[in-house]
$ cat model_19.cif   # mmCIF, C-alpha atoms
data_target
loop_
_atom_site.label_atom_id
_atom_site.label_comp_id
_atom_site.auth_asym_id
_atom_site.auth_seq_id
_atom_site.Cartn_x
_atom_site.Cartn_y
_atom_site.Cartn_z
CA MET J 1 -19.00 -22.03 -22.93
CA VAL J 2 -15.61 -23.29 -24.11
CA MET J 3 -13.59 -20.34 -22.76
CA ASN J 4 -15.75 -19.23 -19.83
CA ASN J 5 -16.23 -22.40 -17.78
CA PRO J 6 -13.90 -24.89 -16.02
CA TRP J 7 -14.75 -28.09 -17.91
CA LEU J 8 -11.42 -29.76 -18.69
CA ARG J 9 -10.22 -32.72 -16.61
CA GLU J 10 -6.57 -31.79 -16.25
CA LYS J 11 -5.01 -32.18 -12.82
CA ASP J 12 -3.75 -28.62 -12.53
CA ASN J 13 -6.00 -26.74 -14.92
CA TRP J 14 -9.74 -27.02 -15.66
CA TRP J 15 -9.82 -24.02 -18.01
CA VAL J 16 -8.99 -23.67 -21.70
CA ARG J 17 -6.15 -21.18 -21.63
CA GLY J 18 -6.05 -18.04 -23.76
CA PRO J 19 -5.27 -16.60 -26.11
CA GLN J 20 -7.23 -18.56 -28.72
CA VAL J 21 -8.70 -17.63 -32.09
CA GLN J 22 -11.64 -15.23 -31.97
CA GLY J 23 -14.33 -17.72 -33.03
CA VAL J 24 -13.62 -20.04 -30.10
CA HIS J 25 -14.97 -17.52 -27.59
CA ASP J 26 -18.51 -17.93 -28.96
CA LEU J 27 -18.57 -21.74 -28.92
CA TYR J 28 -20.19 -24.15 -26.49
CA VAL J 29 -18.54 -27.49 -25.75
CA LYS J 30 -21.26 -29.28 -27.72
CA ASP J 31 -20.17 -27.33 -30.80
CA LEU J 32 -16.96 -29.39 -30.79
CA PHE J 33 -18.90 -32.66 -31.27
CA LEU J 34 -19.57 -34.46 -34.54
CA PRO J 35 -23.06 -33.70 -35.94
CA GLU J 36 -25.74 -35.64 -34.03
CA VAL J 37 -23.06 -37.83 -32.39
CA LYS J 38 -21.59 -37.43 -28.91
CA GLN J 39 -18.01 -37.72 -30.13
CA TRP J 40 -15.27 -35.16 -30.48
CA ASP J 41 -14.81 -33.68 -33.93
CA VAL J 42 -11.05 -34.28 -33.86
CA GLY J 43 -10.37 -32.33 -37.02
CA LYS J 44 -12.25 -29.29 -35.77
CA VAL J 45 -10.58 -29.37 -32.36
CA ASN J 46 -7.12 -29.67 -33.94
CA PHE J 47 -7.87 -26.78 -36.28
CA LEU J 48 -9.21 -24.38 -33.62
CA PHE J 49 -6.78 -24.98 -30.73
CA ASP J 50 -3.04 -25.24 -30.23
CA ARG J 51 -1.46 -28.62 -29.55
CA VAL J 52 -1.52 -28.42 -25.74
CA GLU J 53 -5.16 -27.37 -25.57
CA ASP J 54 -6.50 -29.75 -28.20
CA GLU J 55 -4.84 -32.70 -26.45
CA ALA J 56 -6.42 -31.64 -23.14
CA ILE J 57 -9.84 -31.37 -24.80
CA LEU J 58 -9.64 -34.76 -26.48
CA ARG J 59 -8.68 -36.37 -23.16
CA VAL J 60 -12.09 -35.45 -21.73
CA SER J 61 -14.26 -38.57 -21.71
CA LEU J 62 -17.78 -38.20 -23.09
CA VAL J 63 -20.42 -40.14 -21.15
CA GLU J 64 -23.51 -41.00 -23.15
CA GLU J 65 -26.00 -41.20 -20.27
CA VAL J 66 -25.35 -37.68 -18.98
CA VAL J 67 -28.11 -35.48 -20.41
CA GLU J 68 -27.67 -32.31 -18.36
CA ASP J 69 -24.63 -30.24 -17.43
CA MET J 70 -24.01 -29.57 -13.74
CA LEU J 71 -21.38 -28.11 -11.45
CA VAL J 72 -19.27 -30.53 -9.42
CA TRP J 73 -16.91 -30.06 -6.46
CA GLN J 74 -13.57 -31.45 -7.64
CA GLU J 75 -12.27 -32.07 -4.10
CA GLU J 76 -14.74 -34.94 -3.58
CA ARG J 77 -15.01 -38.07 -5.71
CA ASN J 78 -18.80 -37.88 -5.70
CA GLY J 79 -18.67 -34.25 -6.88
CA GLU J 80 -20.64 -32.94 -3.89
CA TYR J 81 -19.48 -30.03 -1.76
CA SER J 82 -18.66 -30.63 1.91
CA VAL J 83 -17.40 -28.31 4.65
CA LYS J 84 -14.75 -30.88 5.54
CA SER J 85 -13.22 -30.95 2.07
CA ARG J 86 -13.39 -27.14 1.83
CA TYR J 87 -11.51 -26.82 5.11
CA LYS J 88 -8.91 -29.32 3.89
CA LEU J 89 -8.46 -27.32 0.69
CA TRP J 90 -8.12 -24.08 2.66
CA ARG J 91 -5.43 -25.60 4.89
CA GLY J 92 -3.51 -26.68 1.81
CA VAL J 93 -3.69 -23.19 0.31
CA GLN J 94 -2.46 -21.59 3.52
CA SER J 95 0.43 -24.03 3.63
CA ASN J 96 1.44 -23.12 0.07
CA ILE J 97 1.30 -19.42 0.88
CA ARG J 98 3.57 -19.86 3.89
CA HIS J 99 6.12 -21.97 2.01
CA TYR J 100 6.04 -20.55 -1.49
CA GLY J 101 4.28 -17.18 -1.22
CA SER J 102 1.78 -18.03 -3.98
CA GLU J 103 -1.68 -19.52 -4.08
CA GLU J 104 -1.29 -20.70 -7.65
CA ASP J 105 1.25 -20.59 -10.44
CA GLU J 106 0.19 -17.47 -12.32
CA ASP J 107 2.04 -15.74 -15.10
CA GLU J 108 1.55 -12.16 -16.26
CA TRP J 109 -0.82 -13.17 -19.03
CA HIS J 110 -3.24 -14.83 -16.61
CA VAL J 111 -3.08 -11.96 -14.10
CA PHE J 112 -3.75 -9.21 -16.66
CA PHE J 113 -5.62 -10.83 -19.56
CA GLY J 114 -6.30 -14.54 -19.04
CA CYS J 115 -8.45 -14.48 -15.91
CA VAL J 116 -12.18 -14.53 -16.68
CA SER J 117 -13.04 -11.77 -14.19
CA THR J 118 -10.57 -9.29 -15.72
CA SER J 119 -12.86 -8.86 -18.74
CA GLN J 120 -15.41 -7.22 -16.43
CA SER J 121 -12.76 -4.82 -15.18
CA TRP J 122 -11.70 -3.89 -18.72
CA ARG J 123 -15.31 -3.11 -19.63
CA ALA J 124 -15.87 -1.07 -16.45
CA ALA J 125 -12.78 1.01 -17.23
CA CYS J 126 -13.99 1.57 -20.84
CA LEU J 127 -10.97 -0.27 -22.27
CA SER J 128 -12.46 -3.46 -23.70
CA SER J 129 -12.41 -2.08 -27.27
CA ILE J 130 -8.61 -1.75 -27.23
CA ILE J 131 -7.93 -4.98 -25.31
CA TYR J 132 -10.08 -7.64 -26.95
CA PRO J 133 -8.66 -7.27 -30.50
CA ARG J 134 -5.10 -7.51 -29.14
CA ILE J 135 -5.81 -10.65 -27.09
CA GLN J 136 -6.38 -12.45 -30.40
CA THR J 137 -3.12 -11.10 -31.85
CA PHE J 138 -0.51 -11.21 -29.10
CA TYR J 139 0.63 -14.27 -27.18
CA ASP J 140 2.56 -12.72 -24.31
CA ALA J 141 1.74 -9.93 -21.87
CA LYS J 142 4.89 -7.90 -22.51
CA SER J 143 4.20 -7.48 -26.24
CA LEU J 144 0.54 -6.58 -25.69
CA ILE J 145 1.38 -4.00 -23.03
CA PHE J 146 4.09 -2.43 -25.19
CA ASP J 147 1.72 -2.22 -28.18
CA VAL J 148 -1.00 -0.45 -26.17
CA CYS J 149 1.41 2.04 -24.59
CA SER J 150 3.12 2.86 -27.90
CA ARG J 151 0.05 3.06 -30.16
CA GLU J 152 -2.85 4.40 -28.09
CA ASP J 153 -3.35 8.03 -27.10
CA ARG J 154 -2.29 9.34 -23.69
CA ARG J 155 -5.75 8.93 -22.18
CA ASP J 156 -6.28 5.29 -23.05
CA ALA J 157 -2.67 4.39 -22.32
CA GLY J 158 -2.95 6.10 -18.95
CA LYS J 159 -6.16 4.26 -18.03
CA PHE J 160 -4.56 1.02 -19.20
CA ASP J 161 -1.48 1.50 -16.98
CA VAL J 162 -3.55 2.35 -13.91
CA LEU J 163 -5.72 -0.74 -14.35
CA LEU J 164 -2.68 -3.01 -14.74
CA GLU J 165 -1.39 -1.73 -11.42
CA SER J 166 -4.81 -2.30 -9.87
CA PHE J 167 -4.84 -5.91 -11.10
CA TRP J 168 -1.45 -6.58 -9.55
CA ARG J 169 -2.41 -4.98 -6.24
CA SER J 170 -5.68 -6.92 -6.19
CA ARG J 171 -3.83 -10.19 -6.85
CA ASN J 172 -1.50 -9.54 -3.91
CA ASP J 173 -4.46 -8.73 -1.66
CA VAL J 174 -5.97 -12.12 -2.50
CA LEU J 175 -2.74 -14.00 -1.86
CA TRP J 176 -1.61 -12.33 1.33
CA GLN J 177 -4.81 -11.05 2.95
CA ASP J 178 -7.48 -13.30 1.41
CA ASP J 179 -9.27 -10.08 0.41
CA ARG J 180 -11.16 -10.35 -2.89
CA GLU J 181 -12.56 -7.24 -4.55
CA ASP J 182 -15.35 -7.21 -7.12
CA ALA J 183 -13.97 -7.09 -10.68
CA ILE J 184 -16.30 -4.31 -11.82
CA ARG J 185 -15.35 -2.23 -8.80
CA ILE J 186 -11.67 -2.67 -9.64
CA GLY J 187 -12.27 -1.31 -13.14
CA LEU J 188 -14.37 1.63 -11.96
CA GLN J 189 -11.89 2.56 -9.24
CA ALA J 190 -9.00 2.46 -11.71
CA TYR J 191 -10.92 4.77 -14.07
CA HIS J 192 -11.66 7.21 -11.23
CA ASN J 193 -8.03 7.21 -10.10
CA TRP J 194 -6.82 7.92 -13.63
CA TYR J 195 -9.44 10.65 -14.17
CA ASP J 196 -8.54 12.45 -10.94
CA TRP J 197 -4.86 12.36 -11.93
CA PHE J 198 -5.67 13.54 -15.45
CA LEU J 199 -7.67 16.52 -14.18
CA ALA J 200 -4.99 17.48 -11.67
CA ARG J 201 -2.28 17.34 -14.32
CA ASN J 202 -4.28 19.41 -16.81
CA GLU J 203 -5.31 21.99 -14.22
CA HIS J 204 -1.66 22.40 -13.28
CA ASN J 205 -0.89 23.49 -16.84
CA VAL J 206 -3.81 25.92 -17.17
CA CYS J 207 -3.11 29.64 -16.73
CA ALA J 208 -4.68 31.24 -13.63
CA THR J 209 -6.78 33.56 -15.81
CA SER J 210 -8.21 30.73 -17.92
CA ASN J 211 -11.98 30.23 -18.01
CA ASN J 212 -11.70 26.54 -18.90
CA SER J 213 -13.98 24.24 -16.89
CA VAL J 214 -13.79 20.54 -16.12
CA ASP J 215 -16.43 17.99 -15.31
CA TRP J 216 -16.60 16.73 -11.74
CA ILE J 217 -17.21 13.01 -11.23
CA PRO J 218 -18.93 12.00 -7.97
CA PRO J 219 -17.21 9.44 -5.74
CA MET J 220 -18.01 5.76 -5.89
CA ILE J 221 -20.56 4.26 -3.53
CA ASP J 222 -19.37 3.99 0.09
CA GLN J 223 -16.46 6.35 -0.54
CA VAL J 224 -15.72 9.98 0.30
CA LYS J 225 -14.04 12.16 -2.30
CA CYS J 226 -11.85 15.09 -1.27
CA ASN J 227 -11.04 17.65 -3.98
CA VAL J 228 -8.04 19.94 -3.57
CA ASP J 229 -6.59 22.66 -5.77
CA ALA J 230 -3.66 25.04 -5.72
CA GLY J 231 -2.40 27.90 -7.89
CA PHE J 232 0.55 30.23 -8.35
CA ASN J 233 0.40 33.83 -9.55
CA ASN J 234 3.56 34.62 -11.52
CA VAL J 235 2.83 38.36 -11.54
CA GLY J 236 2.05 38.82 -7.88
CA GLY J 237 4.35 36.09 -6.60
CA THR J 238 1.57 34.60 -4.48
CA THR J 239 0.11 31.15 -4.01
CA ASN J 240 -3.38 30.01 -3.11
CA ARG J 241 -5.12 26.76 -2.31
CA GLY J 242 -8.63 25.41 -2.03
#
$ encode --input "model_19.cif" --output "structure tokens"
Amino acid sequence: MVMNNPWLREKDNWWVRGPQVQGVHDLYVKDLFLPEVKQWDVGKVNFLFDRVEDEAILRVSLVEEVVEDMLVWQEERNGEYSVKSRYKLWRGVQSNIRHYGSEEDEDEWHVFFGCVSTSQSWRAACLSSIIYPRIQTFYDAKSLIFDVCSREDRRDAGKFDVLLESFWRSRNDVLWQDDREDAIRIGLQAYHNWYDWFLARNEHNVCATSNNSVDWIPPMIDQVKCNVDAGFNNVGGTTNRG
């Protein structure tokens, strides 16, 4: 699809960058061709994309004899993967990390909203309904973040903030430790972290004689969950813990 696959031929970027208009996210590359002709529909491309992206799209050469899409390894001219070229690429990445401290030039938009895998994290954290509409409206991360935190209720804003922090920590783990975590797991863990904090904060404000109950969420797979509690009796001047 147009927004979900690396199909451009730019030197430093094979992806169509977001944000783009909503309808673009449902299109395949072939939908940008003229009817029954393997040529770009220039008017349609210019209408749907901003100037930088439409120029990148129109620079992609269309080869008539290719009848089937396929993945290619961009580090080799023949498009085939080799261990040698992968090792060469890895050495180059390590060199960049040592000299510049970054594997790639990422801005806040790409880290939080532009990366394809982050959409899985938003869904896992039950936040996709408040994120997706804003991606089509805002064009910088700061404005989108401010809008969520100022307009959403405390629960959604809290989950949103925890997941942003998780994205940033995950990015640093990739750059400095080459440790990649599954996107869905990142979203679920962020939700669990927020929920534990939310329960602890609410329980702190509940009177000791209250009969209110809360729902317990089991730990994630391969993890151990330790629940703690504490209370203070204003009348007796005593404390307790569990």
$ resolve_selection --input "model_19.cif" --expression "the PyMOL selection byres ((chain J and resi 115) around 12)" --output "PyMOL selection string"
chain J and resi 3-6+15-19+106-114+116-122+167+171+183
$ resolve_selection --input "model_19.cif" --expression "the PyMOL selection byres ((chain J and resi 38-40) around 10)" --output "ChimeraX atom specification"
/J:29-37,41-45,57-64
$ atom_distance --input "model_19.cif" --atom1 "CA of Leu199 (chain J)" --atom2 "CA of Arg185 (chain J)"
21.0 Å
$ residues_around --input "model_19.cif" --residues "Arg134 (chain J)" --least-positions-apart "6" --cutoff "9 Å" --atoms "all atoms listed in the file" --output "VMD selection string"
chain J and resid 144 147 to 148
$ closest_residue --input "model_19.cif" --among "J:Pro133, J:Gly187, J:Gly79, J:Gly23" --to "Ser170 (chain J)" --atoms "all atoms listed in the file"
J:Gly187
$ residues_around --input "model_19.cif" --residues "His192 (chain J)" --least-positions-apart "3" --cutoff "9 Å" --atoms "all atoms listed in the file" --output "ChimeraX atom specification"
/J:125,187-189,195-197,217,219-220
$ write_last_selection --input "model_19.cif" --atoms "C-alpha atoms" --output "short mmCIF file (atom, residue, chain, number, x, y, z; two decimals), keeping the file's coordinate frame"
data_model
loop_
_atom_site.label_atom_id
_atom_site.label_comp_id
_atom_site.auth_asym_id
_atom_site.auth_seq_id
_atom_site.Cartn_x
_atom_site.Cartn_y
_atom_site.Cartn_z
CA ALA J 125 -12.78 1.01 -17.23
CA GLY J 187 -12.27 -1.31 -13.14
CA LEU J 188 -14.37 1.63 -11.96
CA GLN J 189 -11.89 2.56 -9.24
CA TYR J 195 -9.44 10.65 -14.17
CA ASP J 196 -8.54 12.45 -10.94
CA TRP J 197 -4.86 12.36 -11.93
CA ILE J 217 -17.21 13.01 -11.23
CA PRO J 219 -17.21 9.44 -5.74
CA MET J 220 -18.01 5.76 -5.89
#
$ residues_around --input "model_19.cif" --residues "Arg154 (chain J)" --least-positions-apart "5" --cutoff "12 Å" --atoms "all atoms listed in the file" --output "list in words"
Val148, Cys149, Lys159, Phe160, Asp161, Trp194, Tyr195 and Phe198 of chain J
